[in-house]
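Next up, protein33.cif (mmCIF, C-alpha atoms):
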data_run
#
loop_
_atom_site.group_PDB
_atom_site.id
_atom_site.type_symbol
_atom_site.label_atom_id
_atom_site.label_comp_id
_atom_site.auth_asym_id
_atom_site.auth_seq_id
_atom_site.Cartn_x
_atom_site.Cartn_y
_atom_site.Cartn_z
ATOM 1 C CA MET A 1 0.000 0.000 0.000
ATOM 2 C CA GLU A 2 1.074 3.559 -0.671
ATOM 3 C CA LYS A 3 0.979 6.439 1.813
ATOM 4 C CA LYS A 4 -2.150 7.833 0.135
ATOM 5 C CA ASP A 5 -3.938 4.604 1.135
ATOM 6 C CA PHE A 6 -3.725 5.526 4.843
ATOM 7 C CA TYR A 7 -5.231 8.116 7.121
ATOM 8 C CA TYR A 8 -3.721 9.625 10.237
ATOM 9 C CA LEU A 9 -5.011 8.105 13.471
ATOM 10 C CA GLY A 10 -2.815 9.765 16.067
ATOM 11 C CA LYS A 11 0.584 10.028 17.666
ATOM 12 C CA ILE A 12 2.353 8.069 20.385
ATOM 13 C CA LEU A 13 3.161 10.557 23.127
ATOM 14 C CA LYS A 14 5.004 8.589 25.810
ATOM 15 C CA THR A 15 5.367 5.303 27.580
ATOM 16 C CA PHE A 16 2.765 4.350 30.160
ATOM 17 C CA GLY A 17 3.795 2.163 33.074
ATOM 18 C CA ASN A 18 6.569 -0.396 32.903
ATOM 19 C CA LYS A 19 4.920 -3.147 30.835
ATOM 20 C CA GLY A 20 5.431 -1.564 27.417
ATOM 21 C CA GLN A 21 2.175 0.315 27.132
ATOM 22 C CA LEU A 22 2.041 3.596 25.216
ATOM 23 C CA MET A 23 -0.041 6.749 25.695
ATOM 24 C CA VAL A 24 -1.517 7.847 22.364
ATOM 25 C CA HIS A 25 -3.215 11.070 21.308
ATOM 26 C CA LEU A 26 -6.033 10.132 18.888
ATOM 27 C CA GLU A 27 -6.936 12.633 16.148
ATOM 28 C CA VAL A 28 -10.428 11.285 15.522
ATOM 29 C CA ASP A 29 -13.978 12.440 16.228
ATOM 30 C CA GLU A 30 -15.162 9.217 17.866
ATOM 31 C CA PRO A 31 -12.255 7.572 19.759
ATOM 32 C CA GLU A 32 -14.514 4.841 21.138
ATOM 33 C CA ARG A 33 -14.785 3.413 17.585
ATOM 34 C CA TYR A 34 -11.096 2.463 17.803
ATOM 35 C CA LEU A 35 -11.141 0.381 20.989
ATOM 36 C CA ASN A 36 -11.250 -2.977 19.187
ATOM 37 C CA LEU A 37 -8.546 -2.458 16.584
ATOM 38 C CA GLU A 38 -6.478 -5.492 15.632
ATOM 39 C CA SER A 39 -3.554 -3.498 14.273
ATOM 40 C CA VAL A 40 -2.267 -0.073 13.315
ATOM 41 C CA TYR A 41 0.558 1.101 11.100
ATOM 42 C CA LEU A 42 3.408 3.114 12.572
ATOM 43 C CA ASP A 43 5.453 5.476 10.465
ATOM 44 C CA ILE A 44 9.018 4.256 10.955
ATOM 45 C CA TYR A 45 11.713 5.829 8.785
ATOM 46 C CA GLY A 46 9.076 6.847 6.247
ATOM 47 C CA GLU A 47 7.571 3.370 5.944
ATOM 48 C CA ARG A 48 4.200 2.184 7.263
ATOM 49 C CA ILE A 49 4.886 -0.849 9.449
ATOM 50 C CA PRO A 50 1.992 -2.924 10.913
ATOM 51 C CA PHE A 51 1.846 -3.430 14.686
ATOM 52 C CA PHE A 52 -0.604 -5.846 16.244
ATOM 53 C CA ILE A 53 -2.614 -4.576 19.199
ATOM 54 C CA THR A 54 -3.286 -6.599 22.333
ATOM 55 C CA GLY A 55 -5.308 -3.911 24.093
ATOM 56 C CA VAL A 56 -6.637 -0.343 23.964
ATOM 57 C CA GLU A 57 -7.961 1.583 26.959
ATOM 58 C CA LEU A 58 -9.545 4.999 26.469
ATOM 59 C CA LYS A 59 -8.277 7.445 29.119
ATOM 60 C CA SER A 60 -10.011 10.679 28.034
ATOM 61 C CA LYS A 61 -11.760 12.045 24.948
ATOM 62 C CA ASN A 62 -8.692 11.854 22.738
ATOM 63 C CA SER A 63 -6.127 9.838 24.642
ATOM 64 C CA ALA A 64 -5.786 6.110 25.027
ATOM 65 C CA VAL A 65 -3.271 3.566 26.256
ATOM 66 C CA PHE A 66 -2.234 1.055 23.587
ATOM 67 C CA SER A 67 -0.580 -2.305 24.185
ATOM 68 C CA PHE A 68 1.254 -3.859 21.252
ATOM 69 C CA ALA A 69 2.289 -7.461 20.745
ATOM 70 C CA ASP A 70 6.030 -7.916 21.358
ATOM 71 C CA VAL A 71 6.354 -4.560 23.146
ATOM 72 C CA ASP A 72 6.651 -5.755 26.721
ATOM 73 C CA SER A 73 8.889 -3.284 28.541
ATOM 74 C CA ALA A 74 9.223 0.470 28.982
ATOM 75 C CA ASP A 75 12.624 0.337 27.268
ATOM 76 C CA VAL A 76 11.185 -1.255 24.123
ATOM 77 C CA ALA A 77 8.143 1.052 24.213
ATOM 78 C CA GLU A 78 10.398 4.117 24.440
ATOM 79 C CA GLU A 79 11.600 3.399 20.883
ATOM 80 C CA TYR A 80 8.100 4.167 19.574
ATOM 81 C CA THR A 81 7.404 7.460 21.365
ATOM 82 C CA GLY A 82 6.814 10.270 18.893
ATOM 83 C CA LYS A 83 5.775 7.882 16.114
ATOM 84 C CA GLU A 84 2.643 8.594 14.093
ATOM 85 C CA MET A 85 -0.092 5.966 13.750
ATOM 86 C CA PHE A 86 -2.147 5.266 10.629
ATOM 87 C CA LEU A 87 -5.001 3.059 9.449
ATOM 88 C CA PRO A 88 -5.977 2.007 5.913
ATOM 89 C CA VAL A 89 -8.495 4.287 4.198
ATOM 90 C CA SER A 90 -10.246 1.161 2.930
ATOM 91 C CA GLY A 91 -11.535 0.507 6.467
ATOM 92 C CA LEU A 92 -13.430 3.784 6.737
ATOM 93 C CA PRO A 93 -17.203 3.739 6.364
ATOM 94 C CA GLU A 94 -18.474 5.649 3.340
ATOM 95 C CA LEU A 95 -19.906 9.057 4.195
ATOM 96 C CA LYS A 96 -22.829 10.635 2.375
ATOM 97 C CA GLY A 97 -24.236 14.093 1.888
ATOM 98 C CA LYS A 98 -22.153 16.963 3.215
ATOM 99 C CA GLN A 99 -20.127 14.752 5.539
ATOM 100 C CA PHE A 100 -16.578 13.987 4.429
ATOM 101 C CA TYR A 101 -13.165 12.916 5.588
ATOM 102 C CA PHE A 102 -10.505 15.602 5.343
ATOM 103 C CA HIS A 103 -8.292 13.507 3.072
ATOM 104 C CA GLU A 104 -11.270 12.726 0.828
ATOM 105 C CA VAL A 105 -11.687 16.264 -0.584
ATOM 106 C CA GLU A 106 -8.031 16.914 -1.393
ATOM 107 C CA GLY A 107 -7.865 17.658 -5.113
ATOM 108 C CA PHE A 108 -11.542 18.641 -5.348
ATOM 109 C CA THR A 109 -12.422 21.756 -7.350
ATOM 110 C CA VAL A 110 -13.989 24.449 -5.169
ATOM 111 C CA VAL A 111 -16.867 26.500 -6.551
ATOM 112 C CA ASP A 112 -18.209 29.451 -4.569
ATOM 113 C CA THR A 113 -21.862 30.417 -5.125
ATOM 114 C CA HIS A 114 -20.866 34.087 -5.676
ATOM 115 C CA PHE A 115 -17.355 33.929 -7.191
ATOM 116 C CA GLY A 116 -17.552 30.749 -9.246
ATOM 117 C CA GLU A 117 -14.586 28.402 -9.496
ATOM 118 C CA LEU A 118 -11.963 29.245 -6.852
ATOM 119 C CA GLY A 119 -9.368 26.535 -7.357
ATOM 120 C CA THR A 120 -8.365 23.210 -5.866
ATOM 121 C CA VAL A 121 -8.390 21.964 -2.282
ATOM 122 C CA MET A 122 -4.718 21.238 -1.614
ATOM 123 C CA ASN A 123 -5.375 20.049 1.926
ATOM 124 C CA ILE A 124 -7.224 20.927 5.094
ATOM 125 C CA LEU A 125 -5.344 22.710 7.835
ATOM 126 C CA ASP A 126 -6.627 21.159 11.040
ATOM 127 C CA LEU A 127 -5.814 23.945 13.468
ATOM 128 C CA HIS A 128 -6.578 23.778 17.171
ATOM 129 C CA HIS A 129 -9.763 25.878 17.086
ATOM 130 C CA GLN A 130 -10.735 25.781 13.416
ATOM 131 C CA ALA A 131 -10.158 23.613 10.371
ATOM 132 C CA LEU A 132 -9.551 25.482 7.102
ATOM 133 C CA PHE A 133 -9.770 24.478 3.450
ATOM 134 C CA ARG A 134 -6.444 25.435 1.833
ATOM 135 C CA ILE A 135 -7.408 26.308 -1.736
ATOM 136 C CA ILE A 136 -4.913 27.216 -4.440
ATOM 137 C CA TYR A 137 -6.189 29.755 -6.986
ATOM 138 C CA GLY A 138 -3.493 30.446 -9.558
ATOM 139 C CA GLU A 139 -0.570 31.766 -7.504
ATOM 140 C CA LYS A 140 -2.747 32.609 -4.488
ATOM 141 C CA GLU A 141 -3.747 30.668 -1.412
ATOM 142 C CA ILE A 142 -7.298 31.019 -0.096
ATOM 143 C CA LEU A 143 -8.257 29.801 3.387
ATOM 144 C CA VAL A 144 -11.923 29.060 4.044
ATOM 145 C CA PRO A 145 -13.381 27.723 7.309
ATOM 146 C CA VAL A 146 -14.571 24.121 7.272
ATOM 147 C CA VAL A 147 -18.021 24.629 8.784
ATOM 148 C CA ASP A 148 -21.463 23.325 7.852
ATOM 149 C CA GLU A 149 -22.743 26.834 7.089
ATOM 150 C CA VAL A 150 -20.104 27.281 4.358
ATOM 151 C CA ILE A 151 -20.435 23.876 2.659
ATOM 152 C CA ILE A 152 -23.353 23.785 0.234
ATOM 153 C CA ASP A 153 -22.727 20.522 -1.629
ATOM 154 C CA ILE A 154 -20.141 17.809 -2.260
ATOM 155 C CA ASP A 155 -20.226 16.022 -5.600
ATOM 156 C CA ARG A 156 -17.914 13.067 -5.063
ATOM 157 C CA GLU A 157 -18.380 11.783 -8.597
ATOM 158 C CA LYS A 158 -17.307 15.065 -10.250
ATOM 159 C CA LYS A 159 -14.925 15.958 -7.388
ATOM 160 C CA VAL A 160 -16.547 19.360 -6.846
ATOM 161 C CA LEU A 161 -17.024 21.098 -3.517
ATOM 162 C CA THR A 162 -19.596 23.906 -3.605
ATOM 163 C CA ILE A 163 -19.298 26.547 -0.897
ATOM 164 C CA GLU A 164 -20.778 29.873 0.082
ATOM 165 C CA ALA A 165 -17.893 31.713 1.708
ATOM 166 C CA PRO A 166 -18.682 34.326 4.348
ATOM 167 C CA GLU A 167 -19.261 37.756 2.838
ATOM 168 C CA GLY A 168 -15.999 39.570 2.125
ATOM 169 C CA LEU A 169 -13.737 36.562 2.806
ATOM 170 C CA ILE A 170 -12.821 35.793 -0.805
ATOM 171 C CA ASP A 171 -12.280 39.516 -1.508
ATOM 172 C CA ILE A 172 -9.408 39.504 1.001
ATOM 173 C CA TYR A 173 -7.502 37.008 -1.128
ATOM 174 C CA LEU A 174 -8.300 38.151 -4.678
#

Rendering of file as structure tokens:
Amino acid sequence: MEKKDFYYLGKILKTFGNKGQLMVHLEVDEPERYLNLESVYLDIYGERIPFFITGVELKSKNSAVFSFADVDSADVAEEYTGKEMFLPVSGLPELKGKQFYFHEVEGFTVVDTHFGELGTVMNILDLHHQALFRIIYGEKEILVPVVDEVIIDIDREKKVLTIEAPEGLIDIYL
């Protein structure tokens, strides 16, 4: 599988206890959906390597303690702190309507109801308080909030994202 076939699950923050467990920050909306995972992929030297899971315990909304097969001491676990965790995109349920995964709309053409075609979604900047569509229009970058009020329609077949940007926002960039 290629890197584009994975989505970001979270990051290993530190060891937890002395039996090789790891504290993980999960970058997902519903962490409880990930309690019964069989495996995850860790990014090690730029490669996605599978690790089998023997247990997951949710500690708070976005943190959990993971136990991996063959990681049985704090010393071994320490080697994996700071590593990013991924899952295959193929395992995600299909979303409908205006719901989407951030990685799903990369490359979509953005059309604003007032300005017409704005450009292409390069990626989504997932900032602490607000996610933003990063749209490239010629040589310019346009940032638009990812909120329900802005998103009018998503045509997955044609790869078109229709938005109605807040009044005056697009004018700032053009």

Atom pair atom CA of A:Gly168 / atom CA of A:Glu149: separation (Å):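 It comes out at 15.2 Å.
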
So, counting only C-alpha atoms, which residue among A:His128, A:Lys96, A:Lys19, A:His103 is closest to A:Ser73?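 Residue with the minimum atom-to-atom distance to A:Ser73: A:Lys19.
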
For each of A:Glu47, A:Glu78, A:Glu94, A:Glu30, take the minimum atom-to-atom distance to A:Phe16, counting all atoms listed in the file, then give the residue where this is smallest.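 Comparing A:Glu47, A:Glu78, A:Glu94, A:Glu30 against A:Phe16, the winner is A:Glu78.
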
To one decimal in Å, tell me the separation between atom CA of A:Val147 and atom CA of A:Asp112. 14.2 Å

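Of the residues listed (A:Gln130, A:Thr120, A:Thr113, A:Thr15), A:Thr113 shows the shortest atom-to-atom separation from A:Pro166; distances use all atoms listed in the file.
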
Among the residues A:Tyr80, A:Phe68, A:Phe52, A:Phe108, the one that comes closest to A:Thr162 [using all atoms listed in the file]: A:Phe108

Would you fill the gaps in stretch 49-69 of chain A so it has N, CA and C atoms, then print it as a PDB file, in the coordinates of the input?
ATOM      1  N   ILE A  49       4.626   0.504   8.940  1.00  0.00           N
ATOM      2  CA  ILE A  49       4.886  -0.849   9.449  1.00  0.00           C
ATOM      3  C   ILE A  49       3.718  -1.274  10.333  1.00  0.00           C
ATOM      4  N   PRO A  50       3.131  -2.476  10.086  1.00  0.00           N
ATOM      5  CA  PRO A  50       1.992  -2.924  10.913  1.00  0.00           C
ATOM      6  C   PRO A  50       2.441  -3.369  12.305  1.00  0.00           C
ATOM      7  N   PHE A  51       1.637  -2.993  13.304  1.00  0.00           N
ATOM      8  CA  PHE A  51       1.846  -3.430  14.686  1.00  0.00           C
ATOM      9  C   PHE A  51       0.523  -4.000  15.187  1.00  0.00           C
ATOM     10  N   PHE A  52       0.595  -5.201  15.740  1.00  0.00           N
ATOM     11  CA  PHE A  52      -0.604  -5.846  16.244  1.00  0.00           C
ATOM     12  C   PHE A  52      -0.894  -5.372  17.660  1.00  0.00           C
ATOM     13  N   ILE A  53      -2.161  -5.154  17.932  1.00  0.00           N
ATOM     14  CA  ILE A  53      -2.614  -4.576  19.199  1.00  0.00           C
ATOM     15  C   ILE A  53      -3.158  -5.683  20.096  1.00  0.00           C
ATOM     16  N   THR A  54      -2.749  -5.639  21.366  1.00  0.00           N
ATOM     17  CA  THR A  54      -3.286  -6.599  22.333  1.00  0.00           C
ATOM     18  C   THR A  54      -4.285  -5.932  23.272  1.00  0.00           C
ATOM     19  N   GLY A  55      -4.346  -4.600  23.249  1.00  0.00           N
ATOM     20  CA  GLY A  55      -5.308  -3.911  24.093  1.00  0.00           C
ATOM     21  C   GLY A  55      -5.300  -2.415  23.876  1.00  0.00           C
ATOM     22  N   VAL A  56      -6.480  -1.792  24.037  1.00  0.00           N
ATOM     23  CA  VAL A  56      -6.637  -0.343  23.964  1.00  0.00           C
ATOM     24  C   VAL A  56      -7.559   0.063  25.100  1.00  0.00           C
ATOM     25  N   GLU A  57      -7.133   1.066  25.864  1.00  0.00           N
ATOM     26  CA  GLU A  57      -7.961   1.583  26.959  1.00  0.00           C
ATOM     27  C   GLU A  57      -8.068   3.093  26.799  1.00  0.00           C
ATOM     28  N   LEU A  58      -9.299   3.572  26.609  1.00  0.00           N
ATOM     29  CA  LEU A  58      -9.545   4.999  26.469  1.00  0.00           C
ATOM     30  C   LEU A  58      -9.362   5.669  27.820  1.00  0.00           C
ATOM     31  N   LYS A  59      -8.548   6.731  27.867  1.00  0.00           N
ATOM     32  CA  LYS A  59      -8.277   7.445  29.119  1.00  0.00           C
ATOM     33  C   LYS A  59      -9.054   8.747  29.207  1.00  0.00           C
ATOM     34  N   SER A  60      -9.216   9.448  28.101  1.00  0.00           N
ATOM     35  CA  SER A  60     -10.011  10.679  28.034  1.00  0.00           C
ATOM     36  C   SER A  60     -10.525  10.790  26.609  1.00  0.00           C
ATOM     37  N   LYS A  61     -11.145  11.912  26.271  1.00  0.00           N
ATOM     38  CA  LYS A  61     -11.760  12.045  24.948  1.00  0.00           C
ATOM     39  C   LYS A  61     -10.816  11.663  23.815  1.00  0.00           C
ATOM     40  N   ASN A  62      -9.589  12.123  23.854  1.00  0.00           N
ATOM     41  CA  ASN A  62      -8.692  11.854  22.738  1.00  0.00           C
ATOM     42  C   ASN A  62      -7.376  11.195  23.143  1.00  0.00           C
ATOM     43  N   SER A  63      -7.349  10.565  24.291  1.00  0.00           N
ATOM     44  CA  SER A  63      -6.127   9.838  24.642  1.00  0.00           C
ATOM     45  C   SER A  63      -6.481   8.417  25.080  1.00  0.00           C
ATOM     46  N   ALA A  64      -5.575   7.517  24.713  1.00  0.00           N
ATOM     47  CA  ALA A  64      -5.786   6.110  25.027  1.00  0.00           C
ATOM     48  C   ALA A  64      -4.436   5.464  25.288  1.00  0.00           C
ATOM     49  N   VAL A  65      -4.467   4.358  26.013  1.00  0.00           N
ATOM     50  CA  VAL A  65      -3.271   3.566  26.256  1.00  0.00           C
ATOM     51  C   VAL A  65      -3.349   2.341  25.349  1.00  0.00           C
ATOM     52  N   PHE A  66      -2.314   2.183  24.514  1.00  0.00           N
ATOM     53  CA  PHE A  66      -2.234   1.055  23.587  1.00  0.00           C
ATOM     54  C   PHE A  66      -1.207   0.054  24.097  1.00  0.00           C
ATOM     55  N   SER A  67      -1.526  -1.217  23.927  1.00  0.00           N
ATOM     56  CA  SER A  67      -0.580  -2.305  24.185  1.00  0.00           C
ATOM     57  C   SER A  67      -0.369  -3.024  22.866  1.00  0.00           C
ATOM     58  N   PHE A  68       0.906  -3.187  22.498  1.00  0.00           N
ATOM     59  CA  PHE A  68       1.254  -3.859  21.252  1.00  0.00           C
ATOM     60  C   PHE A  68       1.886  -5.213  21.548  1.00  0.00           C
ATOM     61  N   ALA A  69       1.629  -6.157  20.651  1.00  0.00           N
ATOM     62  CA  ALA A  69       2.289  -7.461  20.745  1.00  0.00           C
ATOM     63  C   ALA A  69       3.792  -7.240  20.621  1.00  0.00           C
TER      64      ALA A  69
END
